[in-house]
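**Student:** Contents are CSV, C-alpha atoms; file name input_22.csv:
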```csv
chain,number,residue,atom,x,y,z
I,226,MET,CA,-175.0,22.9,55.5
I,227,LEU,CA,-178.0,23.1,53.3
I,228,SER,CA,-180.3,20.2,53.0
I,229,THR,CA,-183.6,19.4,51.3
I,230,GLN,CA,-184.9,18.0,54.6
I,231,TYR,CA,-186.2,21.5,55.4
I,232,VAL,CA,-186.5,22.8,59.0
I,233,SER,CA,-188.1,26.0,60.0
I,234,GLY,CA,-186.0,29.1,59.1
I,235,ALA,CA,-183.8,27.2,56.6
I,236,PRO,CA,-183.6,28.3,52.9
I,237,ASN,CA,-186.1,26.2,50.9
I,238,TRP,CA,-186.7,28.2,47.7
I,239,LEU,CA,-184.9,30.6,45.4
I,240,ASP,CA,-186.1,32.6,42.4
I,241,LEU,CA,-185.0,35.3,40.0
I,242,GLY,CA,-187.0,38.3,38.9
I,243,VAL,CA,-186.0,39.8,35.6
I,244,PRO,CA,-187.4,42.0,32.8
I,245,ASP,CA,-186.7,39.4,30.1
I,246,VAL,CA,-187.1,35.8,31.2
I,247,ASP,CA,-185.9,34.3,27.9
I,248,ALA,CA,-182.6,36.2,28.0
I,249,ALA,CA,-182.0,35.3,31.6
I,250,VAL,CA,-182.8,31.6,30.9
I,251,ALA,CA,-180.2,31.6,28.1
I,252,PHE,CA,-177.6,33.1,30.3
I,253,TYR,CA,-178.0,30.7,33.3
I,254,SER,CA,-178.5,27.7,31.1
I,255,GLU,CA,-175.1,28.4,29.4
I,256,VAL,CA,-173.3,29.1,32.7
I,257,PHE,CA,-174.7,26.3,34.9
I,258,GLY,CA,-176.1,23.9,32.4
I,259,TRP,CA,-179.7,24.3,33.7
I,260,THR,CA,-182.8,23.6,31.7
I,261,PHE,CA,-186.0,25.6,31.9
I,262,GLU,CA,-189.6,24.4,32.4
I,263,SER,CA,-192.2,27.1,32.0
I,264,LEU,CA,-195.4,26.8,34.0
I,265,GLY,CA,-197.3,28.6,31.2
I,266,GLU,CA,-199.4,31.7,31.0
I,267,GLU,CA,-201.5,30.7,34.0
I,268,ALA,CA,-198.4,31.2,36.2
I,269,GLY,CA,-197.6,34.6,34.6
I,270,GLY,CA,-194.4,33.4,32.9
I,271,TYR,CA,-193.0,31.8,36.0
I,272,GLY,CA,-191.0,28.6,35.6
I,273,PHE,CA,-188.4,26.2,37.1
I,274,PHE,CA,-184.7,25.8,36.4
I,275,ARG,CA,-183.9,22.1,36.4
I,276,LEU,CA,-180.6,20.2,36.9
I,277,ASP,CA,-180.9,16.5,35.9
I,278,GLY,CA,-184.6,16.9,36.2
I,279,ARG,CA,-184.6,18.4,39.7
I,280,THR,CA,-185.6,21.9,40.6
I,281,VAL,CA,-182.6,24.1,41.6
I,282,ALA,CA,-184.2,27.5,41.3
I,283,ALA,CA,-187.1,29.4,39.6
I,284,ILE,CA,-187.5,32.5,37.5
I,285,GLY,CA,-190.2,34.9,36.5
I,286,PRO,CA,-190.9,38.4,35.2
I,287,LEU,CA,-190.6,41.3,37.6
I,288,VAL,CA,-194.1,42.0,39.1
I,289,GLU,CA,-193.3,44.5,41.8
I,290,GLU,CA,-193.5,48.2,40.7
I,291,GLY,CA,-190.0,49.7,40.7
I,292,ALA,CA,-188.3,46.4,41.5
I,293,ASP,CA,-184.8,45.8,40.4
I,294,PRO,CA,-183.7,42.4,38.9
I,295,SER,CA,-182.6,40.2,41.8
I,296,TRP,CA,-182.4,36.8,43.3
I,297,THR,CA,-184.9,36.3,46.2
I,298,LEU,CA,-184.1,33.8,48.9
I,299,TYR,CA,-187.1,32.1,50.6
I,300,PHE,CA,-186.9,30.6,54.1
I,301,HIS,CA,-189.1,27.7,55.3
I,302,THR,CA,-192.0,28.6,57.6
I,303,PRO,CA,-194.9,26.4,58.9
I,304,ASP,CA,-197.1,29.5,59.1
I,305,ALA,CA,-196.6,32.3,56.6
I,306,ASP,CA,-199.2,34.5,58.3
I,307,GLY,CA,-197.6,34.1,61.7
I,308,THR,CA,-194.2,34.9,60.2
I,309,ALA,CA,-195.6,38.1,58.7
I,310,LYS,CA,-196.8,39.2,62.1
I,311,ALA,CA,-193.4,38.4,63.6
I,312,VAL,CA,-191.6,40.4,60.9
I,313,VAL,CA,-193.7,43.5,61.6
I,314,ALA,CA,-193.3,43.1,65.4
I,315,ALA,CA,-189.5,42.9,64.9
I,316,GLY,CA,-189.3,46.1,62.8
I,317,GLY,CA,-189.5,44.6,59.3
I,318,ARG,CA,-191.9,45.5,56.5
I,319,VAL,CA,-194.4,43.2,54.6
I,320,ARG,CA,-193.9,43.7,50.8
I,321,ALA,CA,-196.3,41.0,49.8
I,322,GLU,CA,-199.0,39.7,52.1
I,323,PRO,CA,-199.2,36.0,52.6
I,324,MET,CA,-200.9,34.4,49.6
I,325,ASP,CA,-201.6,30.9,48.3
I,326,VAL,CA,-199.9,29.8,45.1
I,327,PHE,CA,-202.5,27.4,43.7
I,328,THR,CA,-201.9,24.2,45.8
I,329,ALA,CA,-198.1,24.5,45.7
I,330,GLY,CA,-197.8,26.4,49.0
I,331,ARG,CA,-198.1,29.8,50.6
I,332,LEU,CA,-195.7,32.7,50.3
I,333,ALA,CA,-195.0,36.2,51.7
I,334,ALA,CA,-192.3,38.7,50.9
I,335,PHE,CA,-190.6,41.1,53.4
I,336,THR,CA,-187.9,43.7,53.9
I,337,ASP,CA,-185.8,43.5,57.0
I,338,PRO,CA,-185.1,46.7,59.1
I,339,THR,CA,-181.8,47.2,57.3
I,340,GLY,CA,-183.4,47.1,53.8
I,341,ALA,CA,-182.6,43.6,52.7
I,342,GLN,CA,-185.4,41.8,50.9
I,343,PHE,CA,-186.3,38.1,51.5
I,344,ALA,CA,-189.4,35.9,51.4
I,345,VAL,CA,-190.8,32.8,53.1
I,346,TRP,CA,-192.4,29.6,51.7
I,347,GLN,CA,-194.9,27.5,53.6
I,348,PRO,CA,-194.9,24.2,51.7
I,349,GLY,CA,-198.0,22.7,50.2
I,350,GLU,CA,-197.5,20.2,47.3
I,351,VAL,CA,-194.1,21.9,46.5
I,352,LYS,CA,-191.8,21.2,49.5
I,353,GLY,CA,-188.9,23.3,48.2
I,354,LEU,CA,-185.8,23.0,46.0
I,355,GLU,CA,-185.0,19.4,45.0
I,356,ALA,CA,-181.2,19.7,44.8
I,357,VAL,CA,-178.8,21.7,47.0
I,358,MET,CA,-175.1,21.3,48.0
I,359,GLU,CA,-174.2,20.0,44.5
I,360,SER,CA,-172.3,21.5,41.6
I,361,ASN,CA,-174.5,24.1,39.8
I,362,ALA,CA,-177.0,24.1,42.7
I,363,LEU,CA,-177.5,26.4,45.8
I,364,CYS,CA,-174.9,25.7,48.4
I,365,TRP,CA,-174.8,28.8,50.6
I,366,THR,CA,-176.7,32.0,51.4
I,367,GLU,CA,-175.3,35.3,52.5
I,368,LEU,CA,-176.4,38.6,53.8
I,369,TYR,CA,-174.4,41.8,53.3
I,370,THR,CA,-175.9,44.2,55.8
I,371,THR,CA,-175.5,47.8,56.7
I,372,ASP,CA,-176.2,47.0,60.4
I,373,ALA,CA,-175.2,43.5,61.5
I,374,ALA,CA,-176.4,43.9,65.1
I,375,THR,CA,-179.9,44.9,64.0
I,376,ALA,CA,-180.0,42.2,61.4
I,377,LYS,CA,-179.0,39.5,63.9
I,378,ASP,CA,-181.7,40.7,66.4
I,379,PHE,CA,-184.3,40.7,63.7
I,380,TYR,CA,-183.7,37.3,62.2
I,381,SER,CA,-183.3,35.6,65.6
I,382,SER,CA,-186.7,37.1,66.6
I,383,VAL,CA,-188.4,36.0,63.4
I,384,PHE,CA,-186.8,32.6,62.8
I,385,SER,CA,-185.0,31.8,66.1
I,386,TRP,CA,-181.7,31.6,64.2
I,387,GLN,CA,-178.5,30.8,66.1
I,388,TYR,CA,-175.2,32.5,65.3
I,389,GLN,CA,-171.6,31.6,65.4
I,390,ASP,CA,-169.0,34.4,64.8
I,391,LEU,CA,-165.8,33.5,63.1
I,392,PRO,CA,-163.0,36.1,63.5
I,393,MET,CA,-161.6,37.5,60.3
I,394,GLY,CA,-158.8,39.7,61.6
I,395,GLU,CA,-159.0,43.3,60.4
I,396,ALA,CA,-162.2,42.5,58.4
I,397,GLY,CA,-164.0,41.9,61.7
I,398,ALA,CA,-166.2,38.8,62.1
I,399,TYR,CA,-168.1,36.6,59.7
I,400,THR,CA,-171.3,35.3,61.3
I,401,ILE,CA,-172.5,31.8,60.5
I,402,VAL,CA,-176.3,31.5,60.5
I,403,VAL,CA,-177.6,28.2,62.0
I,404,PRO,CA,-181.3,27.4,61.9
I,405,SER,CA,-183.2,26.5,65.1
I,406,GLY,CA,-183.6,22.9,66.1
I,407,VAL,CA,-180.1,21.8,65.2
I,408,PRO,CA,-176.8,22.1,67.1
I,409,ALA,CA,-175.4,25.6,67.3
I,410,SER,CA,-172.3,24.7,65.3
I,411,PRO,CA,-170.8,26.2,62.1
I,412,ALA,CA,-171.0,22.6,60.7
I,413,TYR,CA,-174.8,23.1,60.5
I,414,GLY,CA,-174.6,26.6,59.0
I,415,GLN,CA,-177.0,27.5,56.2
I,416,GLY,CA,-175.5,30.8,55.4
I,417,GLY,CA,-173.5,33.8,56.5
I,418,LEU,CA,-174.1,37.4,57.7
I,419,MET,CA,-171.5,40.1,57.2
I,420,GLN,CA,-171.3,43.8,58.2
I,421,LEU,CA,-170.6,46.0,55.1
I,422,PRO,CA,-167.3,47.9,55.7
I,423,GLN,CA,-167.6,51.6,56.1
I,424,GLU,CA,-166.0,52.3,52.7
I,425,HIS,CA,-168.8,50.3,51.1
I,426,LEU,CA,-171.4,52.2,53.0
I,427,ASP,CA,-169.8,55.5,51.9
I,428,HIS,CA,-170.3,54.3,48.3
I,429,GLY,CA,-174.0,53.8,48.9
I,430,GLU,CA,-174.1,50.0,49.1
I,431,THR,CA,-177.2,48.6,50.7
I,432,SER,CA,-178.2,45.4,52.5
I,433,GLU,CA,-178.8,42.4,50.3
I,434,TRP,CA,-179.2,38.7,50.4
I,435,HIS,CA,-177.6,36.7,47.6
I,436,PRO,CA,-177.1,33.0,46.7
I,437,TYR,CA,-173.9,31.0,46.2
I,438,PHE,CA,-173.9,28.2,43.6
I,439,GLY,CA,-171.4,25.3,43.9
I,440,VAL,CA,-169.2,24.8,40.8
I,441,ASP,CA,-166.5,22.3,39.8
I,442,ASP,CA,-164.2,25.0,38.5
I,443,CYS,CA,-164.5,28.5,39.8
I,444,ASP,CA,-162.3,30.1,37.1
I,445,ALA,CA,-164.0,28.3,34.2
I,446,THR,CA,-167.5,29.2,35.4
I,447,ALA,CA,-166.3,32.8,36.0
I,448,ALA,CA,-165.1,33.0,32.5
I,449,ALA,CA,-168.3,31.6,31.1
I,450,ALA,CA,-170.3,34.2,33.1
I,451,THR,CA,-168.3,37.2,32.1
I,452,GLU,CA,-168.1,36.1,28.4
I,453,ARG,CA,-171.9,36.1,28.4
I,454,GLY,CA,-172.3,39.6,29.9
I,455,ALA,CA,-171.9,39.3,33.7
I,456,THR,CA,-169.8,41.8,35.6
I,457,ALA,CA,-167.3,40.4,38.1
I,458,LEU,CA,-167.8,42.1,41.5
I,459,ILE,CA,-165.2,39.8,43.1
I,460,PRO,CA,-163.0,38.0,40.6
I,461,PRO,CA,-162.0,34.4,41.5
I,462,VAL,CA,-160.1,34.4,44.8
I,463,ASP,CA,-159.0,31.8,47.3
I,464,ALA,CA,-160.5,32.1,50.7
I,465,GLU,CA,-158.5,30.2,53.3
I,466,GLY,CA,-160.4,27.3,54.8
I,467,VAL,CA,-163.3,27.9,52.5
I,468,GLY,CA,-162.4,27.4,48.8
I,469,ARG,CA,-162.3,29.5,45.7
I,470,LEU,CA,-165.1,31.9,45.1
I,471,ALA,CA,-166.3,34.7,42.9
I,472,MET,CA,-169.2,37.1,42.8
I,473,PHE,CA,-171.1,38.7,39.8
I,474,ARG,CA,-173.9,40.9,38.6
I,475,ASP,CA,-175.6,39.0,35.9
I,476,PRO,CA,-176.5,40.9,32.6
I,477,ASP,CA,-179.6,42.3,34.2
I,478,GLY,CA,-177.9,43.3,37.4
I,479,ALA,CA,-178.9,40.5,39.8
I,480,VAL,CA,-176.1,39.5,42.2
I,481,PHE,CA,-175.0,35.9,42.6
I,482,ALA,CA,-171.8,34.1,43.7
I,483,ILE,CA,-170.1,30.8,42.9
I,484,ILE,CA,-167.8,28.7,45.0
I,485,LYS,CA,-165.6,25.7,44.6
I,486,GLY,CA,-165.2,24.1,48.0
I,487,GLU,CA,-167.4,24.3,51.1
I,488,PRO,CA,-168.4,27.3,53.2
I,489,PRO,CA,-166.7,27.6,56.6
I,490,THR,CA,-167.4,24.9,59.1
I,491,SER,CA,-165.0,25.6,61.9
```
What's the structure tokens form of this structure?

**Tutor:**
Amino acid sequence: MLSTQYVSGAPNWLDLGVPDVDAAVAFYSEVFGWTFESLGEEAGGYGFFRLDGRTVAAIGPLVEEGADPSWTLYFHTPDADGTAKAVVAAGGRVRAEPMDVFTAGRLAAFTDPTGAQFAVWQPGEVKGLEAVMESNALCWTELYTTDAATAKDFYSSVFSWQYQDLPMGEAGAYTIVVPSGVPASPAYGQGGLMQLPQEHLDHGETSEWHPYFGVDDCDATAAAATERGATALIPPVDAEGVGRLAMFRDPDGAVFAIIKGEPPTS
């Protein structure tokens, strides 16, 4: 389960890159009740989404040439430069070299060998998100991948992640991701990893990390999202032993999911 007591390899930051920050702020504020705090021109239009005064995510304009609107998950590292070297050694690609963000911390951005993009955050004055595992806050992370075996090898090499496979019948297995330094149990899972089915690959789907936000009412939040321009990729559905979930593309095309209940723990 996610925590703000961050350990190495655990999700500790989340931001959204969009072409129109004001429009995206309006959408997410209406869907999740977030407020927005801009860091001003000095930060290039970047700012924080707040929930009851605590940071739950961040947002900024797209800065990478050719980048699509998307949510980016960051994982804790004590050494961004060392992680960059580990990414390359494991077959990944560095998209943004390690850099200092004022005195807040140090970041770097990467692409894994299957094409999924992610980043790391080495904390300085900003340790990470201030609220997780609450309604309208991050509660799970998930990787849809074109090659689960390659992805598992890569992330275990870079972050020393542990894995627990949960059988899903004809759908294969769902892999629970557990950070290093804690018991290798689904109860300590921070996210999931799932092989994209062949029919999805045939339609050109690619590897992608996306966030899940906890909600009090999956159907009501789904309605709020679609009424404001989101497209439902997975309409609200009950997942046995998990809860009720749904997945969307926001009005700009960034993928996110919502869940009422808890991710699998056994």

**Student:** Between segment 285-318 of chain I and segment 405-424 of chain I, at 12 Å or less, what are the per-residue closest atom pairs and their distances in Å? Count only C-alpha atoms, order by chain and rising residue number, and return it as CSV.

**Tutor:**
```
residue,atom,partner,partner_atom,distance
I:Leu298,CA,I:Gly416,CA,11.2
I:Phe300,CA,I:Gln415,CA,10.6
I:His301,CA,I:Ser405,CA,11.5
I:Thr302,CA,I:Ser405,CA,11.8
```

**Student:** Please write the residues from the selection above to a file, keeping C-alpha atoms, as a JSON list (two decimals), in the frame of the given file.

**Tutor:**
```
[["chain", "number", "residue", "atom", "x", "y", "z"],
["I", 298, "LEU", "CA", -184.10, 33.80, 48.90],
["I", 300, "PHE", "CA", -186.90, 30.60, 54.10],
["I", 301, "HIS", "CA", -189.10, 27.70, 55.30],
["I", 302, "THR", "CA", -192.00, 28.60, 57.60]]
```

**Student:** Counting only C-alpha atoms, find residues at most 10 Å from (-178.6, 13.9, 45.6) (file frame) and give them as an MDAnalysis selection string.

**Tutor:** chainID I and resid 228:229 279 355:359

**Student:** Write out the residues from the selection above, keeping C-alpha atoms, as an mmCIF file, in the coordinates of the input.

**Tutor:**
```cif
data_model
loop_
_atom_site.group_PDB
_atom_site.id
_atom_site.type_symbol
_atom_site.label_atom_id
_atom_site.label_comp_id
_atom_site.auth_asym_id
_atom_site.auth_seq_id
_atom_site.Cartn_x
_atom_site.Cartn_y
_atom_site.Cartn_z
ATOM 1 C CA SER I 228 -180.300 20.200 53.000
ATOM 2 C CA THR I 229 -183.600 19.400 51.300
ATOM 3 C CA ARG I 279 -184.600 18.400 39.700
ATOM 4 C CA GLU I 355 -185.000 19.400 45.000
ATOM 5 C CA ALA I 356 -181.200 19.700 44.800
ATOM 6 C CA VAL I 357 -178.800 21.700 47.000
ATOM 7 C CA MET I 358 -175.100 21.300 48.000
ATOM 8 C CA GLU I 359 -174.200 20.000 44.500
#
```

**Student:** When distances are computed from only C-alpha atoms, which of I:Ala305, I:Cys443, I:Ala455, I:Leu368 shows the smallest separation from Ala471 of chain I?

**Tutor:**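 With only C-alpha atoms as the atom set, the closest residue is I:Cys443.
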
**Student:** How many Å separate atom CA of Thr371 of chain I from atom CA of Gly429 of chain I?

**Tutor:**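 Interatomic distance, atom CA of Thr371 of chain I to atom CA of Gly429 of chain I: 10.0 Å.
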
**Student:** With all atoms listed in the file as the basis for distance, which of I:Arg474, I:Lys485, I:His425, I:Arg320 is at the shortest distance from Glu289 of chain I?

**Tutor:** I:Arg320

**Student:** Which polymer residues have any atom within 6 Å of an atom of segment 235-248 of chain I, counting only C-alpha atoms, with same-chain residues fewer than 2 positions away left out, as an mmCIF file with C-alpha atoms, in the coordinates of the input?

**Tutor:**
```cif
data_model
loop_
_atom_site.group_PDB
_atom_site.id
_atom_site.type_symbol
_atom_site.label_atom_id
_atom_site.label_comp_id
_atom_site.auth_asym_id
_atom_site.auth_seq_id
_atom_site.Cartn_x
_atom_site.Cartn_y
_atom_site.Cartn_z
ATOM 1 C CA VAL I 232 -186.500 22.800 59.000
ATOM 2 C CA SER I 233 -188.100 26.000 60.000
ATOM 3 C CA VAL I 250 -182.800 31.600 30.900
ATOM 4 C CA ALA I 251 -180.200 31.600 28.100
ATOM 5 C CA ALA I 282 -184.200 27.500 41.300
ATOM 6 C CA ALA I 283 -187.100 29.400 39.600
ATOM 7 C CA ILE I 284 -187.500 32.500 37.500
ATOM 8 C CA GLY I 285 -190.200 34.900 36.500
ATOM 9 C CA PRO I 286 -190.900 38.400 35.200
ATOM 10 C CA LEU I 287 -190.600 41.300 37.600
ATOM 11 C CA PRO I 294 -183.700 42.400 38.900
ATOM 12 C CA SER I 295 -182.600 40.200 41.800
ATOM 13 C CA TRP I 296 -182.400 36.800 43.300
ATOM 14 C CA THR I 297 -184.900 36.300 46.200
ATOM 15 C CA LEU I 298 -184.100 33.800 48.900
ATOM 16 C CA TYR I 299 -187.100 32.100 50.600
ATOM 17 C CA PHE I 300 -186.900 30.600 54.100
ATOM 18 C CA HIS I 301 -189.100 27.700 55.300
ATOM 19 C CA GLY I 353 -188.900 23.300 48.200
ATOM 20 C CA LEU I 354 -185.800 23.000 46.000
ATOM 21 C CA PRO I 404 -181.300 27.400 61.900
#
```

**Student:** Counting only C-alpha atoms, which residue out of I:Ala268, I:Ile484, I:Leu458, I:Leu332 sits closest to Pro303 of chain I?

**Tutor:**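 Closest residue, counting only C-alpha atoms: I:Leu332.
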
**Student:** Please compute the atom CA of Phe384 of chain I-atom CA of Phe273 of chain I distance, one decimal, in Å.

**Tutor:**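 Taking atom CA of Phe384 of chain I as the start and atom CA of Phe273 of chain I as the end point, the length is 26.5 Å.
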
**Student:** Using all atoms listed in the file, which residue out of I:Gly278, I:Thr328, I:Cys364, I:Ala334 lies closest to Gly349 of chain I?

**Tutor:**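 So, comparing all the options, the nearest one is I:Thr328.
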
**Student:** I'd like the interatomic distance between atom CA of Gly291 of chain I and atom CA of Val345 of chain I, to a tenth of an Å.

**Tutor:** 21.0 Å

**Student:** Can segment 453-466 of chain I be brought up to N, CA, C and O atoms and written out as a PDB file, in the coordinates of the input?

**Tutor:**
```pdb
ATOM      1  N   ARG I 453    -170.506  35.957  28.822  1.00  0.00           N
ATOM      2  CA  ARG I 453    -171.900  36.100  28.400  1.00  0.00           C
ATOM      3  C   ARG I 453    -172.577  37.310  29.037  1.00  0.00           C
ATOM      4  O   ARG I 453    -173.798  37.410  29.093  1.00  0.00           O
ATOM      5  N   GLY I 454    -171.752  38.263  29.496  1.00  0.00           N
ATOM      6  CA  GLY I 454    -172.300  39.600  29.900  1.00  0.00           C
ATOM      7  C   GLY I 454    -172.347  39.877  31.349  1.00  0.00           C
ATOM      8  O   GLY I 454    -172.789  40.973  31.725  1.00  0.00           O
ATOM      9  N   ALA I 455    -171.923  38.958  32.223  1.00  0.00           N
ATOM     10  CA  ALA I 455    -171.900  39.300  33.700  1.00  0.00           C
ATOM     11  C   ALA I 455    -170.736  40.167  33.999  1.00  0.00           C
ATOM     12  O   ALA I 455    -169.707  40.176  33.303  1.00  0.00           O
ATOM     13  N   THR I 456    -170.880  40.907  35.085  1.00  0.00           N
ATOM     14  CA  THR I 456    -169.800  41.800  35.600  1.00  0.00           C
ATOM     15  C   THR I 456    -169.262  41.182  36.872  1.00  0.00           C
ATOM     16  O   THR I 456    -170.026  40.880  37.797  1.00  0.00           O
ATOM     17  N   ALA I 457    -167.945  41.007  36.940  1.00  0.00           N
ATOM     18  CA  ALA I 457    -167.300  40.400  38.100  1.00  0.00           C
ATOM     19  C   ALA I 457    -167.234  41.494  39.222  1.00  0.00           C
ATOM     20  O   ALA I 457    -166.579  42.522  39.053  1.00  0.00           O
ATOM     21  N   LEU I 458    -167.898  41.260  40.350  1.00  0.00           N
ATOM     22  CA  LEU I 458    -167.800  42.100  41.500  1.00  0.00           C
ATOM     23  C   LEU I 458    -166.579  41.681  42.365  1.00  0.00           C
ATOM     24  O   LEU I 458    -165.876  42.504  42.953  1.00  0.00           O
ATOM     25  N   ILE I 459    -166.376  40.359  42.456  1.00  0.00           N
ATOM     26  CA  ILE I 459    -165.200  39.800  43.100  1.00  0.00           C
ATOM     27  C   ILE I 459    -164.665  38.718  42.134  1.00  0.00           C
ATOM     28  O   ILE I 459    -165.285  37.667  41.944  1.00  0.00           O
ATOM     29  N   PRO I 460    -163.536  38.980  41.465  1.00  0.00           N
ATOM     30  CA  PRO I 460    -163.000  38.000  40.600  1.00  0.00           C
ATOM     31  C   PRO I 460    -162.562  36.741  41.384  1.00  0.00           C
ATOM     32  O   PRO I 460    -162.467  36.797  42.618  1.00  0.00           O
ATOM     33  N   PRO I 461    -162.362  35.596  40.735  1.00  0.00           N
ATOM     34  CA  PRO I 461    -162.000  34.400  41.500  1.00  0.00           C
ATOM     35  C   PRO I 461    -160.865  34.603  42.449  1.00  0.00           C
ATOM     36  O   PRO I 461    -159.833  35.169  42.103  1.00  0.00           O
ATOM     37  N   VAL I 462    -161.093  34.171  43.693  1.00  0.00           N
ATOM     38  CA  VAL I 462    -160.100  34.400  44.800  1.00  0.00           C
ATOM     39  C   VAL I 462    -160.170  33.213  45.718  1.00  0.00           C
ATOM     40  O   VAL I 462    -161.246  32.651  45.956  1.00  0.00           O
ATOM     41  N   ASP I 463    -159.026  32.848  46.271  1.00  0.00           N
ATOM     42  CA  ASP I 463    -159.000  31.800  47.300  1.00  0.00           C
ATOM     43  C   ASP I 463    -159.306  32.357  48.640  1.00  0.00           C
ATOM     44  O   ASP I 463    -158.763  33.401  49.031  1.00  0.00           O
ATOM     45  N   ALA I 464    -160.197  31.694  49.364  1.00  0.00           N
ATOM     46  CA  ALA I 464    -160.500  32.100  50.700  1.00  0.00           C
ATOM     47  C   ALA I 464    -160.057  30.933  51.632  1.00  0.00           C
ATOM     48  O   ALA I 464    -160.540  29.803  51.511  1.00  0.00           O
ATOM     49  N   GLU I 465    -159.121  31.224  52.505  1.00  0.00           N
ATOM     50  CA  GLU I 465    -158.500  30.200  53.300  1.00  0.00           C
ATOM     51  C   GLU I 465    -159.537  29.423  54.129  1.00  0.00           C
ATOM     52  O   GLU I 465    -160.389  29.995  54.796  1.00  0.00           O
ATOM     53  N   GLY I 466    -159.457  28.108  54.054  1.00  0.00           N
ATOM     54  CA  GLY I 466    -160.400  27.300  54.800  1.00  0.00           C
ATOM     55  C   GLY I 466    -161.769  27.170  54.224  1.00  0.00           C
ATOM     56  O   GLY I 466    -162.640  26.514  54.797  1.00  0.00           O
TER      57      GLY I 466
END
```
